[in-house]
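A.B. asks: Here you go, one structure.
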Amino acid sequence: MPDSLPERTILKSRLRRRGIYLLPNLFTTAALFAGFYAIVQAMNGNFEYSAIAVFIAMVLDGLDGRVARLTGTQSEFGAEYDSMSDMVSFGIAPALIVYEWALKEMNQWGWIIAFIYCACAALRLARFNTNIEVVDKRFFQGLPSPAAAALIAGLVWVTINFQGQGSDVKWLACVVTLFAALTMVSNIPYYSGKEFNLRRRVPFFTILLLVLFFFVLIPSHPPVVLFCLFAAYAFSGIVIKLWRYGRNKKSSDVTDS
């Protein structure tokens with residue numbers, strides 16, 4: 001009888017730990033469902049729902065990593081599962097959405113461009129998984145796949161919001177899709193935001209800006225605000241790249257002189 005108490009304690013500990021590990025994977029599953037839902041709605045012609053589902057998947061994808069870090073439940077299984085979910089939500093779903101919405105009008109070139117985006121998303125995720133221990137944590141190498149997907153989904157949402165059709169902006173959709181695809185596999189640095197830690201003290205001004213952004217600016221006109229936000233983020237990496245190039249060139253000129 002005395003031996004049963006330690007056994008029960010160990011069993012409860014294991015069950016509790018399994019429950020904690022299940023929590024971040026539930027967020028990943030929800031993100032995967034949002035990506036799948038986006039694909040289904042695109043096939044049914046409900047492109048606005050598809051675009052919104054991609055943004056929901058992006059939020060859930062960000063939460064699963066945060067939850068895993070806050071609870072100390074990171075695992076190789078969780079990382080692999082997250083990558084597979086990302087491939088569906090931010091690789092296959094945006095490619096299918098933009099093809100069905102606009103690129104189908106371009107016949108074979110349409111599905112080729114959509115496939116290029118899908119392939120670049122896969123390459124981006126594979127490179128991220130293999131370089132995760134060797135790259136600067138402050139910056140992503142190439143445009144993150146959720147941001148690339150948000151750029152495409154934002155274009156779809158904004159156009160529909162202004163009563164436009166995919167066929168009206170097919171060339172713009174083509175350019176945006178190729179831009180998102182190529183920046184994903186580029187070496188352009190993008191700020192990761194991983195330095196932001198909820199456990200540390202955060203300045204009041206920063207909290208105020210976040211509150212104004214999420215509760216005032218975004219609700220005022222979600223499609224326009226979100227598309228402009230991710231468009232600015234997509235170009236921010238190019239600005240950082242040019243600034244670094246200029247700084248390095250100036251340093252080399254000073255050294256040579």
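If you're wondering about the labels, chains in the structure tokens are A, B, ... by order shown, residues count from 1 in each chain, ligands from 1 in order shown.
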Give me, as a PyMOL selection string, all polymer residues having an atom no more than 10 Å from region 172-179 of chain A, counting only C-alpha atoms and skipping those fewer than 4 positions away in the same chain.
C.D. replies: chain A and resi 94-95+98-99+101-103+106+109-110+113-114+116-118+120+143+148-149+151-152+155-156+166-168+183-184+231+234
A.B. asks: Neighbours of region 206-223 of chain A within 8 Å (only C-alpha atoms; same-chain residues fewer than 4 positions away dropped), as a list in words?
C.D. replies: Gly154, Trp157, Val158, Asn161, Val202 and Phe227 of chain A
A.B. asks: Write the residues you've just listed into a file as a PDB file, in the first residue's frame, and include N, CA and C atoms for each of them.
C.D. replies:
ATOM      1  N   GLY A 154      -3.878  39.174 -48.120  1.00  0.00           N
ATOM      2  CA  GLY A 154      -4.253  40.577 -47.984  1.00  0.00           C
ATOM      3  C   GLY A 154      -4.661  41.203 -49.304  1.00  0.00           C
ATOM      4  N   TRP A 157      -8.136  39.940 -50.119  1.00  0.00           N
ATOM      5  CA  TRP A 157      -9.142  40.527 -49.229  1.00  0.00           C
ATOM      6  C   TRP A 157      -9.401  41.989 -49.578  1.00  0.00           C
ATOM      7  N   VAL A 158      -8.336  42.751 -49.828  1.00  0.00           N
ATOM      8  CA  VAL A 158      -8.479  44.170 -50.160  1.00  0.00           C
ATOM      9  C   VAL A 158      -9.242  44.339 -51.470  1.00  0.00           C
ATOM     10  N   ASN A 161     -12.833  43.563 -50.992  1.00  0.00           N
ATOM     11  CA  ASN A 161     -13.444  44.595 -50.154  1.00  0.00           C
ATOM     12  C   ASN A 161     -13.806  45.837 -50.963  1.00  0.00           C
ATOM     13  N   VAL A 202       7.980  45.605 -20.031  1.00  0.00           N
ATOM     14  CA  VAL A 202       7.807  46.243 -21.333  1.00  0.00           C
ATOM     15  C   VAL A 202       7.424  47.699 -21.096  1.00  0.00           C
ATOM     16  N   PHE A 227      -3.030  44.399 -45.115  1.00  0.00           N
ATOM     17  CA  PHE A 227      -2.259  44.317 -46.352  1.00  0.00           C
ATOM     18  C   PHE A 227      -1.106  45.328 -46.348  1.00  0.00           C
TER      19      PHE A 227
END
A.B. asks: Please measure the separation of CA of Leu226 (chain A) and CA of Ser50 (chain A), giving the value in Å to one decimal.
C.D. replies: 14.9 Å
